[in-house]
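Q: Shown below is the structure under consideration.
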Amino acid sequence: MELPAFVRPAEPTIKGTCAILVELNSGAILYAKNMNQRIYPASTTKVLTAMMAIENLPLDGTLTLSYNSTHDLISGGFDYRMQEGQVYTIEEALYGTCLNSVNTLAYALAEEMGGSIPGFAAMMNTRAAELGALNTTFTNPHGLNDLDHLTTAYDMAKIMWGAIELDDYRRIAGTAEYTCAEPKSGQTMTFPHTIRFLQPGNSWYDSRVVCAKSGWTEDARFCRAVYASDGQLDLICIVLHSTGADDVDADVRSLLNYGFDNFSLKNPPVFGEGSILGGNIRDENGVSQKIYFVTAEGTVMSGGKILVPNTYADMNWRLDLSLKEQNLVGYGSLGGVPLVEYPIFMVSNDEVTTKAEYFPTATAPQPVTPGTQESSSADASRSQEGATVSPEGQEEGNTGNLFRLALIICGAFLLLCLIALIFTLSQNSRLRKRMKRRNALRK
């Protein structure tokens with residue numbers, strides 16, 4: 001989801017062509033640059049391959065490298081340690097795929113699951129669509145260039161989000177280095193992670209980075225898919241087609257710092273802590289009346305947790321009243337940005353004395369017609385201009401209006417009758433005078 005209409009902190013400038021930064025607890029997109037542009041993902045493709053292997057294969061199962069897995073790769077895509085007939089466990093193959101980005105092992109995993117590369121590519125695209133990556137068309141499990149092998153930064157964030165929900169993926173893809181022995185050749189295989197953020201002792205090391213995947217081809221340039229957490233915020237950062245290794249890592253670092261340093265999670269407020277709130281209104285006659293209402297449990301309007309820029313984090317919550325489908329609702333807002341919706345239930349003056357029995361059991365709200373809102377004291381009381389909110393006040397107001405209308409109608413009727421009477425008398429007087437003149441002429 002898009003972050004609500006806050007005034008945002010200044011965004012960093014990055015060199016990557018496409019990028020996205022997402023906070024997972026809230027689902028908010030904190031930064032986006034060409035996030036829907038279809039582009040080559042290089043070896044960040046292997047995030048989906050590894051996720052599907054964890055979902056579909058037993059980690060202690062065995063994987064034998066086929067002829068195709070060791071020969072059907074473009075120049076530059078080979079790892080010459082990998083030979084036909086070598087045997088690895090699925091878990092060992094995943095370490096090689098996720099850490100050292102071994103194309104042969106990704107190829108072999110794809111054959112194990114799909115029978116062939118085209119068969120597995122169809123599975124990949126189906127799984128990507130299930131994750132919400134609807135602009136992704138993968139043709140292979142490793143990310144070596146193909147004209148139709150395309151995704152977007154937005155889609156890669158969806159895919160990465162799906163992968164990190166798996167404990168085994170986070171564990172494997174977050175390991176700095178892994179060593180195993182290949183039984184057929186007796187060779188020891190060491191798979192160091194290509195992501196410098198995960199290498200202790202490296203100047204780029206970042207303890208917040210939980211797991212990540214690198215990517216590079218001549219056409220895709222430098223790519224990164226990173227998941228990081230500081231214990232409060234959880235961020236996915238995707239950068240595609242950056243200009244160099246240092247540039248892409250600087251892009252990632254800038255985006256992670258932007259997220260962690262400038263945003264905070266907030267808990268929704270409980271206005272009145274379940275008690276009855278009071279406030280004054282002025283009805284259509286300008287008469288001030290006291291109203292009472294209770295707030296039911298609020299619903300975060302974004303659907304996730306509340307993420308706000310730090311400049312809003314220390315602001316006081318405000319409860320604003322409004323009409324929604326003829327029902328009175330409250331909106332908890334920070335700095336004028338509505339974030340939480342609360343059902344509002346009107347109560348009478350008598351019910352104030354029995355609030356312990358009344359709340360949180362809610363009755364149907366009374367019809368209301370709120371107008372302009374005015375803020376009042378810190379206990380969240382509210383005043384509304386030109387409104388009739390209190391059930392008693394509304395009933396009395398409606399009765400008074402009907403009585404006044406009846407008086408006006410009766411008065412108008414009497415006035416018309418009086419005018420008709422005067423007209424009739426005038427006509428009669430004229431008629432008598434004519435009769436007298438006519439009788440005089442006859443005589």
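The way I read the labels, and the way they are meant: chains A, B, ... in the order of the structure tokens, residue 1 as the first residue of every chain, and ligand 1 as the first ligand shown, with later ones counted on from there.
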For region 97-111 of chain A, please output as a list in words all residues within 6 Å (counting only C-alpha atoms; exclusion window: fewer than 6 positions along the same chain).
A: Leu65, Ser69, Thr70, Phe120, Pro141, His142, Ala173, Phe191, Pro192, His193 and Thr194 of chain A
Q: Could you take the residues named above and write them with N, CA and C atoms, as a PDB file, in the first residue's frame?
A:
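In the end it all went to selection.pdb:
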```
ATOM      1  N   LEU A  65      23.635 -34.089 -10.248  1.00  0.00           N
ATOM      2  CA  LEU A  65      23.791 -33.143 -11.344  1.00  0.00           C
ATOM      3  C   LEU A  65      23.698 -33.864 -12.686  1.00  0.00           C
ATOM      4  N   SER A  69      22.496 -29.783 -16.687  1.00  0.00           N
ATOM      5  CA  SER A  69      22.763 -28.798 -15.636  1.00  0.00           C
ATOM      6  C   SER A  69      24.213 -28.335 -15.641  1.00  0.00           C
ATOM      7  N   THR A  70      25.109 -29.165 -16.182  1.00  0.00           N
ATOM      8  CA  THR A  70      26.532 -28.803 -16.204  1.00  0.00           C
ATOM      9  C   THR A  70      26.989 -28.305 -17.576  1.00  0.00           C
ATOM     10  N   PHE A 120       9.734 -26.135 -15.385  1.00  0.00           N
ATOM     11  CA  PHE A 120       9.892 -25.400 -14.124  1.00  0.00           C
ATOM     12  C   PHE A 120       9.571 -23.925 -14.300  1.00  0.00           C
ATOM     13  N   PRO A 141      15.654 -20.807 -14.134  1.00  0.00           N
ATOM     14  CA  PRO A 141      15.734 -20.732 -12.676  1.00  0.00           C
ATOM     15  C   PRO A 141      16.909 -19.932 -12.151  1.00  0.00           C
ATOM     16  N   HIS A 142      17.786 -19.460 -13.048  1.00  0.00           N
ATOM     17  CA  HIS A 142      19.036 -18.850 -12.581  1.00  0.00           C
ATOM     18  C   HIS A 142      19.155 -17.373 -12.895  1.00  0.00           C
ATOM     19  N   ALA A 173      19.733 -18.308   3.375  1.00  0.00           N
ATOM     20  CA  ALA A 173      20.147 -17.118   2.622  1.00  0.00           C
ATOM     21  C   ALA A 173      20.789 -16.054   3.505  1.00  0.00           C
ATOM     22  N   PHE A 191      30.990 -22.308  -0.124  1.00  0.00           N
ATOM     23  CA  PHE A 191      30.114 -21.335  -0.776  1.00  0.00           C
ATOM     24  C   PHE A 191      30.081 -20.061   0.061  1.00  0.00           C
ATOM     25  N   PRO A 192      30.912 -19.053  -0.245  1.00  0.00           N
ATOM     26  CA  PRO A 192      30.836 -17.773   0.471  1.00  0.00           C
ATOM     27  C   PRO A 192      29.673 -16.940  -0.074  1.00  0.00           C
ATOM     28  N   HIS A 193      29.088 -16.142   0.790  1.00  0.00           N
ATOM     29  CA  HIS A 193      27.987 -15.290   0.357  1.00  0.00           C
ATOM     30  C   HIS A 193      28.535 -14.142  -0.475  1.00  0.00           C
ATOM     31  N   THR A 194      27.843 -13.852  -1.572  1.00  0.00           N
ATOM     32  CA  THR A 194      28.265 -12.746  -2.437  1.00  0.00           C
ATOM     33  C   THR A 194      27.813 -11.384  -1.929  1.00  0.00           C
TER      34      THR A 194
END
```
Q: Mind checking which residues fall within 10 Å of region 33-36 of chain A, counting only C-alpha atoms, ignoring those fewer than 4 positions away in the same chain, and posting them as a list in words?
A: Thr13, Ile14, Gly16, Thr17, Cys18, Ala19, Ile20, Leu21, Asn135, Thr151, Thr152, Ala153, Tyr154, Asp155, Met156, Ala157, Ile238, Val239 and Leu240 of chain A
Q: Go ahead and dump the residues you just picked, C-alpha atoms, as a PDB file, in the first residue's frame.
A:
```
ATOM      1  CA  THR A  13      19.076   9.733  -4.508  1.00  0.00           C
ATOM      2  CA  ILE A  14      20.117   6.355  -5.900  1.00  0.00           C
ATOM      3  CA  GLY A  16      19.792   2.087  -9.745  1.00  0.00           C
ATOM      4  CA  THR A  17      17.258   2.285 -12.575  1.00  0.00           C
ATOM      5  CA  CYS A  18      14.486   0.595 -10.580  1.00  0.00           C
ATOM      6  CA  ALA A  19      14.036   0.319  -6.827  1.00  0.00           C
ATOM      7  CA  ILE A  20      11.502  -0.129  -4.055  1.00  0.00           C
ATOM      8  CA  LEU A  21      11.589  -0.019  -0.240  1.00  0.00           C
ATOM      9  CA  ASN A 135       4.286  -8.573 -14.310  1.00  0.00           C
ATOM     10  CA  THR A 151      10.274  -8.763 -13.719  1.00  0.00           C
ATOM     11  CA  THR A 152       9.803  -5.477 -11.847  1.00  0.00           C
ATOM     12  CA  ALA A 153      11.142  -4.099  -8.587  1.00  0.00           C
ATOM     13  CA  TYR A 154       7.590  -4.275  -7.194  1.00  0.00           C
ATOM     14  CA  ASP A 155       7.261  -7.942  -8.193  1.00  0.00           C
ATOM     15  CA  MET A 156      10.671  -8.836  -6.777  1.00  0.00           C
ATOM     16  CA  ALA A 157       9.600  -7.319  -3.451  1.00  0.00           C
ATOM     17  CA  ILE A 238      15.074  -4.122  -4.143  1.00  0.00           C
ATOM     18  CA  VAL A 239      17.516  -2.338  -6.463  1.00  0.00           C
ATOM     19  CA  LEU A 240      17.813  -3.367 -10.125  1.00  0.00           C
TER      20      LEU A 240
END
```
Q: Quick one: residues within 10 Å of Gly298 (chain A), only C-alpha atoms, excluding same-chain residues fewer than 5 positions away - as a ChimeraX atom specification?
A: /A:268-271,330-332,339-344
Q: Looking only at the backbone, which of the residues in region 217-274 of chain A does DSSP tag as helix (DSSP H, G or I), as a PyMOL selection string?
A: chain A and resi 245-262+271-274
Q: Based on the selection just made, write N, CA and C atoms of those residues as a PDB file, in the first residue's frame.
A:
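again-v8.pdb written:
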```
ATOM      1  N   ALA A 245      29.206  -2.405  -8.362  1.00  0.00           N
ATOM      2  CA  ALA A 245      29.034  -3.127  -7.105  1.00  0.00           C
ATOM      3  C   ALA A 245      28.946  -2.163  -5.926  1.00  0.00           C
ATOM      4  N   ASP A 246      29.833  -1.187  -5.884  1.00  0.00           N
ATOM      5  CA  ASP A 246      29.784  -0.200  -4.799  1.00  0.00           C
ATOM      6  C   ASP A 246      28.538   0.670  -4.906  1.00  0.00           C
ATOM      7  N   ASP A 247      28.151   0.984  -6.140  1.00  0.00           N
ATOM      8  CA  ASP A 247      26.978   1.836  -6.333  1.00  0.00           C
ATOM      9  C   ASP A 247      25.705   1.131  -5.859  1.00  0.00           C
ATOM     10  N   VAL A 248      25.547  -0.136  -6.214  1.00  0.00           N
ATOM     11  CA  VAL A 248      24.314  -0.827  -5.827  1.00  0.00           C
ATOM     12  C   VAL A 248      24.264  -1.041  -4.318  1.00  0.00           C
ATOM     13  N   ASP A 249      25.405  -1.338  -3.698  1.00  0.00           N
ATOM     14  CA  ASP A 249      25.416  -1.492  -2.245  1.00  0.00           C
ATOM     15  C   ASP A 249      25.191  -0.153  -1.547  1.00  0.00           C
ATOM     16  N   ALA A 250      25.709   0.924  -2.130  1.00  0.00           N
ATOM     17  CA  ALA A 250      25.439   2.257  -1.570  1.00  0.00           C
ATOM     18  C   ALA A 250      23.952   2.599  -1.709  1.00  0.00           C
ATOM     19  N   ASP A 251      23.345   2.182  -2.833  1.00  0.00           N
ATOM     20  CA  ASP A 251      21.906   2.385  -3.002  1.00  0.00           C
ATOM     21  C   ASP A 251      21.134   1.678  -1.897  1.00  0.00           C
ATOM     22  N   VAL A 252      21.484   0.414  -1.651  1.00  0.00           N
ATOM     23  CA  VAL A 252      20.797  -0.361  -0.622  1.00  0.00           C
ATOM     24  C   VAL A 252      20.996   0.268   0.754  1.00  0.00           C
ATOM     25  N   ARG A 253      22.223   0.640   1.067  1.00  0.00           N
ATOM     26  CA  ARG A 253      22.503   1.242   2.363  1.00  0.00           C
ATOM     27  C   ARG A 253      21.716   2.535   2.546  1.00  0.00           C
ATOM     28  N   SER A 254      21.669   3.363   1.516  1.00  0.00           N
ATOM     29  CA  SER A 254      20.934   4.628   1.611  1.00  0.00           C
ATOM     30  C   SER A 254      19.445   4.390   1.849  1.00  0.00           C
ATOM     31  N   LEU A 255      18.879   3.410   1.158  1.00  0.00           N
ATOM     32  CA  LEU A 255      17.454   3.132   1.305  1.00  0.00           C
ATOM     33  C   LEU A 255      17.142   2.532   2.669  1.00  0.00           C
ATOM     34  N   LEU A 256      17.984   1.613   3.140  1.00  0.00           N
ATOM     35  CA  LEU A 256      17.759   1.038   4.470  1.00  0.00           C
ATOM     36  C   LEU A 256      17.860   2.111   5.546  1.00  0.00           C
ATOM     37  N   ASN A 257      18.869   2.954   5.461  1.00  0.00           N
ATOM     38  CA  ASN A 257      19.006   4.032   6.449  1.00  0.00           C
ATOM     39  C   ASN A 257      17.819   4.989   6.387  1.00  0.00           C
ATOM     40  N   TYR A 258      17.354   5.259   5.185  1.00  0.00           N
ATOM     41  CA  TYR A 258      16.188   6.127   5.024  1.00  0.00           C
ATOM     42  C   TYR A 258      14.985   5.550   5.759  1.00  0.00           C
ATOM     43  N   GLY A 259      14.765   4.246   5.616  1.00  0.00           N
ATOM     44  CA  GLY A 259      13.626   3.628   6.286  1.00  0.00           C
ATOM     45  C   GLY A 259      13.790   3.559   7.788  1.00  0.00           C
ATOM     46  N   PHE A 260      14.916   3.044   8.243  1.00  0.00           N
ATOM     47  CA  PHE A 260      15.121   2.849   9.678  1.00  0.00           C
ATOM     48  C   PHE A 260      15.242   4.171  10.437  1.00  0.00           C
ATOM     49  N   ASP A 261      15.812   5.194   9.818  1.00  0.00           N
ATOM     50  CA  ASP A 261      16.072   6.450  10.528  1.00  0.00           C
ATOM     51  C   ASP A 261      14.891   7.421  10.527  1.00  0.00           C
ATOM     52  N   ASN A 262      13.921   7.220   9.640  1.00  0.00           N
ATOM     53  CA  ASN A 262      12.899   8.247   9.454  1.00  0.00           C
ATOM     54  C   ASN A 262      11.467   7.805   9.735  1.00  0.00           C
ATOM     55  N   PHE A 271      -9.415   5.949  22.680  1.00  0.00           N
ATOM     56  CA  PHE A 271      -9.932   7.209  23.177  1.00  0.00           C
ATOM     57  C   PHE A 271     -10.814   6.968  24.397  1.00  0.00           C
ATOM     58  N   GLY A 272     -10.467   7.612  25.506  1.00  0.00           N
ATOM     59  CA  GLY A 272     -11.247   7.477  26.729  1.00  0.00           C
ATOM     60  C   GLY A 272     -11.079   6.138  27.421  1.00  0.00           C
ATOM     61  N   GLU A 273     -10.224   5.271  26.862  1.00  0.00           N
ATOM     62  CA  GLU A 273      -9.977   3.937  27.434  1.00  0.00           C
ATOM     63  C   GLU A 273     -11.283   3.209  27.719  1.00  0.00           C
ATOM     64  N   GLY A 274     -12.197   3.280  26.751  1.00  0.00           N
ATOM     65  CA  GLY A 274     -13.452   2.563  26.903  1.00  0.00           C
ATOM     66  C   GLY A 274     -14.493   3.288  27.719  1.00  0.00           C
TER      67      GLY A 274
END
```
Q: DSSP says strand (DSSP E or B) for which residues of region 163-356 of chain A? Put them as a count of residues only?
A: 89
Q: By how many Å are CA of Ser66 (chain A) and CA of Ala121 (chain A) apart?
A: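 If I compute the distance from CA of Ser66 (chain A) to CA of Ala121 (chain A), I get 17.8 Å.
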Q: Show me, as a list in words, the residues that have an atom within 12 Å of Ser302 (chain A) when counting only C-alpha atoms, minus same-chain residues fewer than 6 positions from it.
A: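 The residues that qualify are Met1, Glu2, Leu3, Pro4, Ala5, Asn25, Ser26, Gly27, Ala28, Ile29, Pro268, Val308, Val337, Pro338, Leu339, Val340 and Glu341 of chain A.
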Q: Could I get the residues of region 179-205 of chain A with an atom no further than 8 Å from an atom of region 79-90 of chain A, each paired with its nearest atom pair and that distance in Å to one decimal, using only C-alpha atoms, sorted by chain and residue number, as a tab-separated table?
A:
```
residue	atom	partner	partner_atom	distance
A:Glu182	CA	A:Val87	CA	6.4
A:Pro183	CA	A:Val87	CA	6.8
A:Lys184	CA	A:Gln86	CA	6.0
A:Ser185	CA	A:Gln86	CA	7.3
```
Q: So how far away is CA of Val47 (chain A) from CA of Asp168 (chain A), in Å?
A: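 Those two atoms sit 12.4 Å apart.
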